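Asker: Let me begin by handing over the structure; questions about it come next.
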4 protein chains.
Amino acid sequence: MNETRPQPLDGEAAARVLVAGASGYTGALAAEIIWRHPRLKLVAATSRSDAGKRLNRLYPRYRAPIELTELDLERVEGIDAAIVAYPHGAAAPTVASLREQGILVVDLSADFRLRDPETYARWYGEHGAPDLFGTAVYGLTELYREQLREAKLVATPGCYPTASVLALAPLAEQGLLSEVFVAAMQGTSGYGRSSDDTVHFSAMAENAFPYKTEGHRHRPEIEQELAALGSPAPVTFVPHLLPLDQGELATCFAQLSEPTSKEAIRDLYDRRYAEEPFVHVLDGPPNLRAVRDTNECHVYVTVEERGRVIAFSAIDNIWKGAASQGVQNLNLMLGIEETAGLL
Amino acid sequence: MNETRPQPLDGEAAARVLVAGASGYTGALAAEIIWRHPRLKLVAATSRSDAGKRLNRLYPRYRAPIELTELDLERVEGIDAAIVAYPHGAAAPTVASLREQGILVVDLSADFRLRDPETYARWYGEHGAPDLFGTAVYGLTELYREQLREAKLVATPGCYPTASVLALAPLAEQGLLSEVFVAAMQGTSGYGRSSDDTVHFSAMAENAFPYKTEGHRHRPEIEQELAALGSPAPVTFVPHLLPLDQGELATCFAQLSEPTSKEAIRDLYDRRYAEEPFVHVLDGPPNLRAVRDTNECHVYVTVEERGRVIAFSAIDNIWKGAASQGVQNLNLMLGIEETAGLL
Amino acid sequence: MNETRPQPLDGEAAARVLVAGASGYTGALAAEIIWRHPRLKLVAATSRSDAGKRLNRLYPRYRAPIELTELDLERVEGIDAAIVAYPHGAAAPTVASLREQGILVVDLSADFRLRDPETYARWYGEHGAPDLFGTAVYGLTELYREQLREAKLVATPGCYPTASVLALAPLAEQGLLSEVFVAAMQGTSGYGRSSDDTVHFSAMAENAFPYKTEGHRHRPEIEQELAALGSPAPVTFVPHLLPLDQGELATCFAQLSEPTSKEAIRDLYDRRYAEEPFVHVLDGPPNLRAVRDTNECHVYVTVEERGRVIAFSAIDNIWKGAASQGVQNLNLMLGIEETAGLL
Amino acid sequence: MNETRPQPLDGEAAARVLVAGASGYTGALAAEIIWRHPRLKLVAATSRSDAGKRLNRLYPRYRAPIELTELDLERVEGIDAAIVAYPHGAAAPTVASLREQGILVVDLSADFRLRDPETYARWYGEHGAPDLFGTAVYGLTELYREQLREAKLVATPGCYPTASVLALAPLAEQGLLSEVFVAAMQGTSGYGRSSDDTVHFSAMAENAFPYKTEGHRHRPEIEQELAALGSPAPVTFVPHLLPLDQGELATCFAQLSEPTSKEAIRDLYDRRYAEEPFVHVLDGPPNLRAVRDTNECHVYVTVEERGRVIAFSAIDNIWKGAASQGVQNLNLMLGIEETAGLL
C-alpha cells in the first residue's frame, strides 16, 4: 500500500543511497527516511535475515515498499553513499569495502566513534578495520558541522552520547565542567529488535530498571567528546530502560569549575543553540512525546542555589539518536540542505 | 530474599506436589501458588531450559525460592500430584507416565481437553497418549465440580474457553443459544514466554490486533462445552492481542432460540452463580484490573431491545485461565477446601 | 520552536480556514493538519478554556505555534471555511451562524450526522439548529465523494461508524447483510481530553473493558449508513476502551442474506476499494500501529466455513475517525486534491 | 463480591483502626491492607468526596466492601488508632484532634515529617497544628524502629525519601557521604488520584519527563534524614514521571568523604540490612516489577573505579512509599509483629 508515493526522479536526486542492515530498528528507519527524502534516492536496503521481505511489511508503521535484499559488495556500482546499520564489530569490514569503492559512508555502529585505540580495545575488543580507525568524523552534527561537509566516513554518535553531550556542550565548551553524573533513560527500541525475555511486553509493562551499572560503552564516548570540547571531566553514567517504545532522556548533574550564575548559564545555552535547526532550548523540563518521531533535541538547564547545574535533554533514540542524525550528516556530506527530509 | 517464608510442615500438608514445566508463564505461576498454598507442599518445579535457576529470579514478582530442576520421571516417588505445564503435544507422554505411577495429574495443556478424536486430529494432529485420550475430566470447575472430586486426570480448559463458557453457561444450560459470536481479547502473557518480534514491547506498545482469524483451536473447545451443556450452537470466535500483560475479556453476542426477557436472563445468571466462590455476576461491564492476579471470573449480561444477548466475562488469563484454575481443581481432587490458597 | 516553518503564502492558499474548538483532541489535530497543509491557511484556532495558549504548548507533539483565541462569530470576515470541533449539542448554533455568513463548514460533532429527527431526539435530545437538521452531507468520504464536492455543510462521521461502515460497505452495497454484530475497541484519545478517573494512567494501565453496553450513540449512525447503502440490518454494537492512546479496531461479525464464497467476497472488497487512496484491503488482519497518525483505513475480510463473515478494520480514531477525514472532506469541498496535506 | 471474606473477630484484633481520607491512592490502599490484616479491625474508612461509595467499587482491584463515610471527629470513641491520608496542610488539624482524644496516629502527609520550623515554612507555608510540630517520630521504620514502638504520632516519610534514604543510609551512618545527586523515577500513582491532563493516559503513554526541577519538597526531607544519620551532605534531587502505575526507583550518585573499596561498601550494606524483613540487598540492579504490591525495598550498590558510589533502590511508591510503611509502623506502635499483614 501507499506504493504509489513517487520517488524523486533521478534527475532531481542528489545521490543514490544504499542502506546496509535495514532490518533492525535504526537501519529500517534510515531506509524509510531516505525513501521519503525529497533529494535522495533509496537504491537498495539490505538484510541478511529478512531478505525477500518488504520494509513496510516488516515495520507496519513504515511506508517504503522496498524489498530487502542481501548485500553484495561486488555489485554496488552506481551507489553514491551508504548508511551502514550493522552491529558493533560487524560494521567495520563492510564500511572499509564501501570506502575502498569510493562510496561515502555514514556508519551507525560504534566502530568508528572512539578515537583512542586503547579505549576502543578495552570496551569493544579488536577492531575490524584498523586502517580506517581514527579517520571518521564524529557525527554529532551540532559540534562538527564544518568537518562533516568534507567527510567521507562519518561515525554517528551513540544515542546516549548524543543526548548527554548536547545537554552539556555549552558548559563543556567553556571548560566549566568539573564533575558529571548522568542518569539516562530510554525506551525499548534502544534495546534493539533482537528480542529476548527482557523486552517481552509482559516483562516490561509496569517495569523500569537501571542496567549496565558496572559500566556502559557510551561512557568513554561521552568523556571523549566533553574533553574534545574543553572539559576533560570524569563522567559517571547510568542508563535505565523504561516501558515505552521510542524516546530518551538524559538528566545530567554537573559541578562547575567556577561559580556561574543561572542567568549566565541560561544565556550561554540560548546563544549556543540559537541558530540550530534541531536543538531547542526550552524554558522548562523536556518530555519525550514532544520529540518522538523527530530529529529534534530539546534541552533545558537549571542551576541550584548551591551552584550545581542540572542539564536535561530529550531525543528520540532511533531518530536523532541514530537514523535521522545519520541522514542529517549525509545531507551535509552531499551538499544538500541540512534539514532536507527531516522536517 | 523472602526465602524464610515457611512452607507448611509435612504434617499439615495434604499433598506433595510437582510442577512440571515451571519456566513458562502458567507453570511458574502454578508453582508460586502452590508454594504459597497452606495445604500443599511444592516438592519440585522442573524446567529443561531453565534448570538451575531459582523461580524467584526467573520471575521477579514471585517469591518461591525453589530451584528449577530437570524432570526425571523415574524419580517421582513420594509425589502425590502433579501439575503439567508443557506445550500442546509435549504434555501427553509425560502425563501418561505420571498417571502410570499413580500420581494425580492436572494438565494445563490442550492434550486432553477435546473429547472427539477427529476434532483433536484436525486441530492438533496426532495425539501423544491415545490410550488416555477421552479419559480426563474437563476442569472448568463451575461445570464439573462433582466429577472433579473423583478425577485422576484433569484437563484444565483453555483461557478463552474458560472466559467464554462461563459467560454463556447459564444460557447454554437452558438450551437457549442458537447463534454465538465471540470477540475475545487478551494480554501478552497469553502469547507465552517464548518471545518473538510480535510481543517485543516496541511492537505491542500502542498496538492491538485480531489474530488467528482463520480459526483458533479454542473454538472447537468452546463448541464442545456449550453442546455438552445443552446448546450445540455454532460459535464464531476471534481473539485479539492487547497491550497489557495479564487479563482476558470475552464479549459474547448470542441469538436465542426463544425470546427471553432481560429480567429473566439476569435472574438466570444471578441464580446460576449465586453460590460460586469465584464467579461474580456484576451489575455493569467487567474490567481487567478487577480480576488481575485472582482466580475470579466477573460476568455481566445484558439484552438488547431486539432480543440479542451480550454476555461479558473478565478473567486473568494465567490465573483462572490456567494456573489457579488448575489449583482449584487440584484442591477438589485432594479433598481440600476448593478455595484454599486462592483467596 | 519550529515556528519558522512557513505557512503557504496567501497567493497559493486555496482557502483561509478557522478551527473552532481547537483545544480538544480532534480540534487540535485538525488545526495541526491544516497548519501543515500545503494549500490551506490556518487563520485562527479558537478555544474558550485555553485561549492565550499556543497549540504546540498545549500538545507537545504538535508544531503549530498558533495562539488559541476566543471565537467571535461577529468577526469571521475573510474566513472561507471552518472546522467545528465542539461537543455534541454545542456545535449546532455555531455551525448555523457560520453557514449564515456563507462559510463552508465541516462539523466534527454528531449534530448533523443523523438524518431522522426522531432517532436524533432519542439519542441526543433537542437539536440546536433544527433548520439545518438533515441538510448536511455525511462525510464518510469513500461513500459520498461526489456529494461532498458540492457540500456546504459536512457532518464528519463518528469514529466507530467510520471504521464499522468501511469494514462492511462492500457487503452492504450488495444488500448482503442480514445480521451484524460489532465489537469495537479504541484508545483513550477517543475518551476525549476532559479527564476523569476513568482515563487516569493509573486506572487504564493493565486494564481494558467494554462500555456503553446498554446502547452507544454510534449504533443508529451505523444502521443509518448500512441501510442507506442497501442493507437495513440490525446492528449490535459494543465498544471497548484499551490501554493505548490512538487507534481503533472494528471486528464485525455478519450473517449474509445469501451464501457467498470467500473468494467472491474478497474479490468484492478488492474491487470496491481498489481506487481508494486511503482504504487498503489487506491479506491478513490489520493492526493499530500500521495506521497510527495516518488517514488510512486498513480492511480485512474472511469467511468461515459455515458462511459467516468476519470483517475487520483499523483506523486512527482521531485521524480518519475525526480530524483528518474532516480535512479530506474539506479538500473535496474546496476543489483541492483529496489527498492534499494527508500523505 | 468477595464480601464474605471474614474480618478478624474483635476478640483477636489488637486494635480498631480508622482510615481518614480513604478515597485517594494511599488512603485507599491503607484501608485495604488493614481490612486484610489478621490483627487489625478496619472500623471506618472516611472520604468527603466519595462518601457512600464502597471501597471495592472505587478501586476494583481492592476487596474491602467497606462503605466510605464522612469523618465525624466527635464520634471516634472506640477507635484505637488512625491512619490519616489527607493532603499536606489539611492533615494537621485532624491529626491534632485525634491525638487529643488519645488515638494513636500514623500520618501519611508531609505535615509532621520535617523537624525544622523554618524549613517547613519555606517549603510548605504555615503549619496547621504548630503545637504538635516536631513531636512526631519519623516513620522510616528501618531507621527509627525503637522510637516507633513508643510513638503516639508517626510521620510516614515521603516516597522519595523512603527510597533515597534507604539507598544511602549505610553510607550516611558512617559519615561517608560528601556529595549526593539523586535521579528518582515514579509511576503515575505518585501523582495522586486528582486527575488532570498530565496523567491522562493519552498524555503519559509513550512519555516520560523530569518535573519539579527547581526544587522538590522531598529534598529537604532527604537532607534532614541523611544529616540525622551522620552525613549532612547537600543533596541534588530530580524526580521523573514514568508511564507506569506503581513503582519508584532512586538512582543515587555519591562522592565519599574518604576512599572506600567496593568490597567494604558492599559488606557495609549486607551487614546493615541483613536482619531487615523488608529491605533486601541484591547482587544486581533492582527492578520495579519485583517490588510491586509489596512492602519491600530492593537495594543495590556499586562503586566506580574512580571511587564514586552509585546506590539504587526500588520500592512500590504507594506501598513502602506510603500505605504499607504506615501499617508497618502501626504494627510497631501496637506491639504487633512488624510484618503482620504485610507478607
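Naming scheme: A, B, ... for chains in displayed order of the C-alpha cells; residues 1 onward per chain; ligands 1 onward as shown.
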As a list in words, could you give me every residue of chain D near chain A (at most 8 Å apart, counting only C-alpha atoms)?

Answerer: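 For chain D, the answer reads Phe181, Ala183, Ala205, Glu206, Asn207, Ala208, Phe209, Pro210, Tyr211, Thr213, Glu214, Thr236, Leu242, Pro243, Leu244, Asp245, Gln246, Gly247, Leu249, Thr251, Phe253, Pro285, Pro286, Asn287, Leu288, Arg289, Thr302, Glu304 and Arg308 of chain D.
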
Asker: For the residues in the current selection, export N, CA and C atoms as an mmCIF file, in the first residue's frame.

Answerer:
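Just written: result_0.cif:
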data_model
loop_
_atom_site.group_PDB
_atom_site.id
_atom_site.type_symbol
_atom_site.label_atom_id
_atom_site.label_comp_id
_atom_site.auth_asym_id
_atom_site.auth_seq_id
_atom_site.Cartn_x
_atom_site.Cartn_y
_atom_site.Cartn_z
ATOM 1 N N PHE D 181 23.695 13.204 44.555
ATOM 2 C CA PHE D 181 22.810 13.571 43.444
ATOM 3 C C PHE D 181 21.840 12.411 43.252
ATOM 4 N N ALA D 183 18.632 10.929 41.041
ATOM 5 C CA ALA D 183 17.637 10.924 39.961
ATOM 6 C C ALA D 183 16.610 9.873 40.343
ATOM 7 N N ALA D 205 1.162 7.934 27.932
ATOM 8 C CA ALA D 205 1.615 6.805 27.126
ATOM 9 C C ALA D 205 2.764 7.266 26.244
ATOM 10 N N GLU D 206 3.812 6.471 26.178
ATOM 11 C CA GLU D 206 4.980 6.825 25.370
ATOM 12 C C GLU D 206 5.578 8.162 25.802
ATOM 13 N N ASN D 207 5.536 8.449 27.080
ATOM 14 C CA ASN D 207 6.101 9.686 27.570
ATOM 15 C C ASN D 207 6.895 9.434 28.847
ATOM 16 N N ALA D 208 7.722 10.371 29.216
ATOM 17 C CA ALA D 208 8.449 10.391 30.488
ATOM 18 C C ALA D 208 9.085 11.764 30.559
ATOM 19 N N PHE D 209 9.230 12.287 31.775
ATOM 20 C CA PHE D 209 9.821 13.623 31.888
ATOM 21 C C PHE D 209 10.225 13.913 33.335
ATOM 22 N N PRO D 210 11.241 14.758 33.499
ATOM 23 C CA PRO D 210 11.538 15.279 34.828
ATOM 24 C C PRO D 210 10.512 16.340 35.200
ATOM 25 N N TYR D 211 10.313 16.550 36.497
ATOM 26 C CA TYR D 211 9.380 17.584 36.950
ATOM 27 C C TYR D 211 9.899 18.179 38.254
ATOM 28 N N THR D 213 11.800 20.547 38.715
ATOM 29 C CA THR D 213 13.254 20.616 38.561
ATOM 30 C C THR D 213 13.852 21.791 39.324
ATOM 31 N N GLU D 214 13.010 22.745 39.753
ATOM 32 C CA GLU D 214 13.549 23.889 40.505
ATOM 33 C C GLU D 214 13.516 23.634 42.010
ATOM 34 N N THR D 236 21.222 17.020 45.657
ATOM 35 C CA THR D 236 20.510 17.488 44.469
ATOM 36 C C THR D 236 19.544 16.387 44.077
ATOM 37 N N LEU D 242 7.087 8.428 35.084
ATOM 38 C CA LEU D 242 7.226 7.364 34.085
ATOM 39 C C LEU D 242 5.854 6.812 33.696
ATOM 40 N N PRO D 243 5.759 6.221 32.505
ATOM 41 C CA PRO D 243 4.475 5.659 32.062
ATOM 42 C C PRO D 243 4.190 4.288 32.665
ATOM 43 N N LEU D 244 3.963 4.266 33.941
ATOM 44 C CA LEU D 244 3.565 3.037 34.636
ATOM 45 C C LEU D 244 2.751 3.477 35.844
ATOM 46 N N ASP D 245 2.089 2.543 36.483
ATOM 47 C CA ASP D 245 1.184 2.855 37.576
ATOM 48 C C ASP D 245 1.937 2.954 38.901
ATOM 49 N N GLN D 246 2.382 1.816 39.431
ATOM 50 C CA GLN D 246 3.013 1.790 40.737
ATOM 51 C C GLN D 246 4.490 1.451 40.620
ATOM 52 N N GLY D 247 5.337 2.176 41.335
ATOM 53 C CA GLY D 247 6.744 1.827 41.379
ATOM 54 C C GLY D 247 7.612 3.058 41.409
ATOM 55 N N LEU D 249 11.927 4.220 41.507
ATOM 56 C CA LEU D 249 13.358 3.935 41.519
ATOM 57 C C LEU D 249 14.103 5.161 42.033
ATOM 58 N N THR D 251 18.033 6.409 41.836
ATOM 59 C CA THR D 251 19.409 6.196 41.405
ATOM 60 C C THR D 251 20.226 7.316 42.041
ATOM 61 N N PHE D 253 23.785 9.030 43.111
ATOM 62 C CA PHE D 253 25.227 9.176 42.900
ATOM 63 C C PHE D 253 25.820 9.826 44.146
ATOM 64 N N PRO D 285 21.214 -4.768 39.702
ATOM 65 C CA PRO D 285 20.278 -3.643 39.800
ATOM 66 C C PRO D 285 18.848 -4.083 40.030
ATOM 67 N N PRO D 286 18.098 -3.326 40.816
ATOM 68 C CA PRO D 286 16.712 -3.676 41.130
ATOM 69 C C PRO D 286 15.780 -3.335 39.988
ATOM 70 N N ASN D 287 14.577 -3.888 40.015
ATOM 71 C CA ASN D 287 13.560 -3.503 39.035
ATOM 72 C C ASN D 287 12.222 -3.356 39.740
ATOM 73 N N LEU D 288 11.322 -2.670 39.064
ATOM 74 C CA LEU D 288 10.074 -2.300 39.722
ATOM 75 C C LEU D 288 9.100 -3.449 39.874
ATOM 76 N N ARG D 289 9.064 -4.348 38.900
ATOM 77 C CA ARG D 289 8.098 -5.449 38.997
ATOM 78 C C ARG D 289 8.339 -6.302 40.235
ATOM 79 N N THR D 302 26.982 -0.066 43.901
ATOM 80 C CA THR D 302 28.212 -0.365 43.182
ATOM 81 C C THR D 302 29.143 0.838 43.302
ATOM 82 N N GLU D 304 32.360 2.884 41.313
ATOM 83 C CA GLU D 304 33.162 3.035 40.098
ATOM 84 C C GLU D 304 34.647 2.963 40.409
ATOM 85 N N ARG D 308 33.524 6.812 42.887
ATOM 86 C CA ARG D 308 32.154 7.275 43.079
ATOM 87 C C ARG D 308 31.229 6.090 43.327
#

Asker: To test your reading of the structure, identify every residue in stretch 213-327 of chain B that backbone DSSP assigns to alpha helix (DSSP H), and report it as a list in words.

Answerer: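 Filtering stretch 213-327 of chain B down to alpha helix (DSSP H) leaves His218, Arg219, Pro220, Glu221, Ile222, Glu223, Gln224, Glu225, Leu226, Ala227, Ala228, Leu229, Lys262, Glu263, Ala264, Ile265, Arg266, Asp267, Leu268, Tyr269, Asp270, Arg271, Arg272, Tyr273, Ser324, Gln325, Gly326 and Val327 of chain B.
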
Asker: Using only C-alpha atoms, which residues sit within 12 Å of C:Ala264 once same-chain residues fewer than 3 positions away are excluded, as a count of residues only?

Answerer: 15

Asker: If you count only C-alpha atoms, which residues fall within 7 Å of stretch 15-26 of chain A, apart from same-chain ones fewer than 2 positions away, as a VMD selection string?

Answerer: chain A and resid 13 28 to 31 40 to 47 50 71 79 to 86 189 192 to 193 318 322 to 323

Asker: Show which residues sit within 9 Å of stretch 329-342 of chain A, as a PyMOL selection string. Count only C-alpha atoms, and ignore same-chain residues fewer than 3 positions away.

Answerer: chain A and resi 14-15+33-34+36-40+81-83+104-106+139-141+145-146+148-152+154+156+277-278+294-295+324-326

Asker: Which residues are near C:Leu177? Cut-off 9 Å, only C-alpha atoms, ignore same chain within fewer than 4 positions. Put them as a list of chain:residue names.

Answerer: C:Leu168, C:Leu171, C:Ala172, C:Glu173, C:Leu226, C:Gly230, C:Ser231, C:Pro232, C:Ala233, C:Ala254, C:Gln255, C:Leu256, C:Ser257, C:Glu258

Asker: Pick out the residues sitting within 7 Å of stretch 117-131 of chain D, and hand them over as a VMD selection string; count only C-alpha atoms, and ignore anything fewer than 4 positions along from it in its own chain.

Answerer: chain D and resid 89 92 to 93 96 217

Asker: Please compute the atom CA of C:Asn317-atom CA of C:Ala163 distance, one decimal, in Å.

Answerer: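 A separation of 8.6 Å between them.
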
Asker: Can you list, as a ChimeraX atom specification, all residues belonging to stretch 47-274 of chain C that DSSP tags as strand (DSSP E)?

Answerer: /C:81-84,104-107,137-138,153-155,177-186,209-210,235-241,248-256
